[in-house]
Amino acid sequence: MKHNLKSEMKQSMDSLRFSDEEKNAMVYDLLDRANQEKPKKHGRRKLVIIALAACLSLTMLTGAAVYTRWSTTAQTRYNPSQDVKEQAEKSGLSVMLEETKGKENSDEVLSVTDQGVTITAVQTIVDNYRAEITFRIEGFELPEDKEPFAWPIVTIDGRQDFYGSQTGGFFDGTTRNDQGEWVYASDGSPVKYDDTKPFSPAILDYVADDGSLEYTHYISFNETDGRYFGKEIVFSFHSLDFQSDQKAGMSEPQVEGNWELKWTLSGTGDSISITPNAKIGDSDVILLDAEIGQKTIRARYQVDDYWEGWNELVTLPQAVQGVRMKDGSEHICGASTSGFEDQENMIYFTESDIYDAILDISQVESLMFHKGWELDANGKPTIQTFYYIPVSVG
């Protein structure tokens, strides 16, 4: 009997739930290794067994396969360790939607094809305060000089008044390296610019190797007590567009259709709470308490006076700006919601999103607050410095 080694290896890996990109990469790697071996002691059929053993070993080394295949958007933005991925999925913060559908939720609609375009709900990252929901879009042709645009209508439990704010965007193929430089995620090379166009826009890389795009929708919840968990969320896409070439122009519709996806929203309220009641640096602002989650920090402050710009919605300058972990790494956050919780008693709050990480909250060492800037030889501010308030729970 004849065997197609490449086909058998790829088909056998299907049961391990690797993506096509991952399977292809492993197939070619294993074939390359096999071709370098002397064929005298074993036939090609035995190589299949060896290859499958290698795949199984890889699965055991990396943990259950469910924890390895996040959306490109989340993987690139957060670059989470395997342990953090496991914690995020076990807590319910992250859900890979295509892997959760079963008989008990058979009425969910996670993928719809219309006008030759398929939109699939891929991953949710949701806590009490905020949701990030990523979709894969296949069959939509995007020219190299165009930027994609989409805007779905969203309801939870049939209502549209669940949010404080919404925004969304497509993964553009870029990230920041360890030095903070803007680079392409695929190979780490510096982002290029198109000098033939006005304002020399960056040349972005929206389209994946398989021709798909990823769109992520961001929601800031109106109520932050977890009341939206367990409710049906519905996303209705009615067109896929190009961004206008004009700076303030309307988007240009390209494909109109009806893509309605729905499922039961889930998330996590896991967090640690601290009550330091401590002054922030040399200011008179006091950090009363903070709730630290895997993605959001809610903090309350006692202030003794208004600050410049407060009536123009300028955030409290002493508000939390990040977290320091026990391994010495630091992650910056920014207030997505803020205001006076009790203006009569001058108690202010911020709800801050952690930009570049999903936290292992057991490893948080301290909260970070702006102190100042280190200056270079020319007197230019270069490195931000911080005050630190330790996190101690127990």
# chains A, B, ... in the order shown; residues from 1 in each chain; ligands from 1
>>> residues_around(residues="range 215-225 of chain A", least_positions_apart="5", cutoff="9 Å", atoms="only C-alpha atoms", output="VMD selection string")
chain A and resid 73 127 to 137 149 to 152 161 to 171 269 336 to 337
>>> closest_atom_pairs(of="range 217-303 of chain A", to="range 387-392 of chain A", cutoff="12 Å", atoms="only C-alpha atoms", output="tab-separated table")
residue	atom	partner	partner_atom	distance
A:Ile272	CA	A:Val391	CA	9.4
A:Ser273	CA	A:Val391	CA	9.0
A:Ile274	CA	A:Val391	CA	6.8
A:Thr275	CA	A:Ser392	CA	9.0
A:Pro276	CA	A:Ile389	CA	8.0
A:Asn277	CA	A:Ile389	CA	10.1
A:Ala278	CA	A:Ile389	CA	7.8
A:Lys279	CA	A:Ile389	CA	8.9
A:Ile280	CA	A:Tyr387	CA	7.2
A:Gly281	CA	A:Tyr387	CA	5.9
A:Asp282	CA	A:Tyr387	CA	9.3
A:Ser283	CA	A:Tyr387	CA	10.9
A:Ile286	CA	A:Ile389	CA	10.9
A:Leu287	CA	A:Ile389	CA	8.9
A:Leu288	CA	A:Ile389	CA	11.5
A:Asp289	CA	A:Val391	CA	10.5
A:Ala290	CA	A:Val391	CA	9.5
A:Glu291	CA	A:Val391	CA	10.6
A:Ile292	CA	A:Val391	CA	9.6
>>> atom_distance(atom1="CA of Ile153 in chain A", atom2="CA of Phe235 in chain A")
5.8 Å
>>> residues_around(residues="Gly92 in chain A", least_positions_apart="3", cutoff="12 Å", atoms="only C-alpha atoms", output="list of chain:residue names")
A:Lys85, A:Glu86, A:Gln87, A:Ala88, A:Glu89, A:Val95, A:Met96, A:Leu97, A:Thr100, A:Gln123, A:Thr124, A:Ile125, A:Val126, A:Asp127, A:Asn128, A:Phe229, A:Gly230, A:Leu265, A:Ser266, A:Gly267, A:Thr268, A:Gly269, A:Asp270, A:Gln294
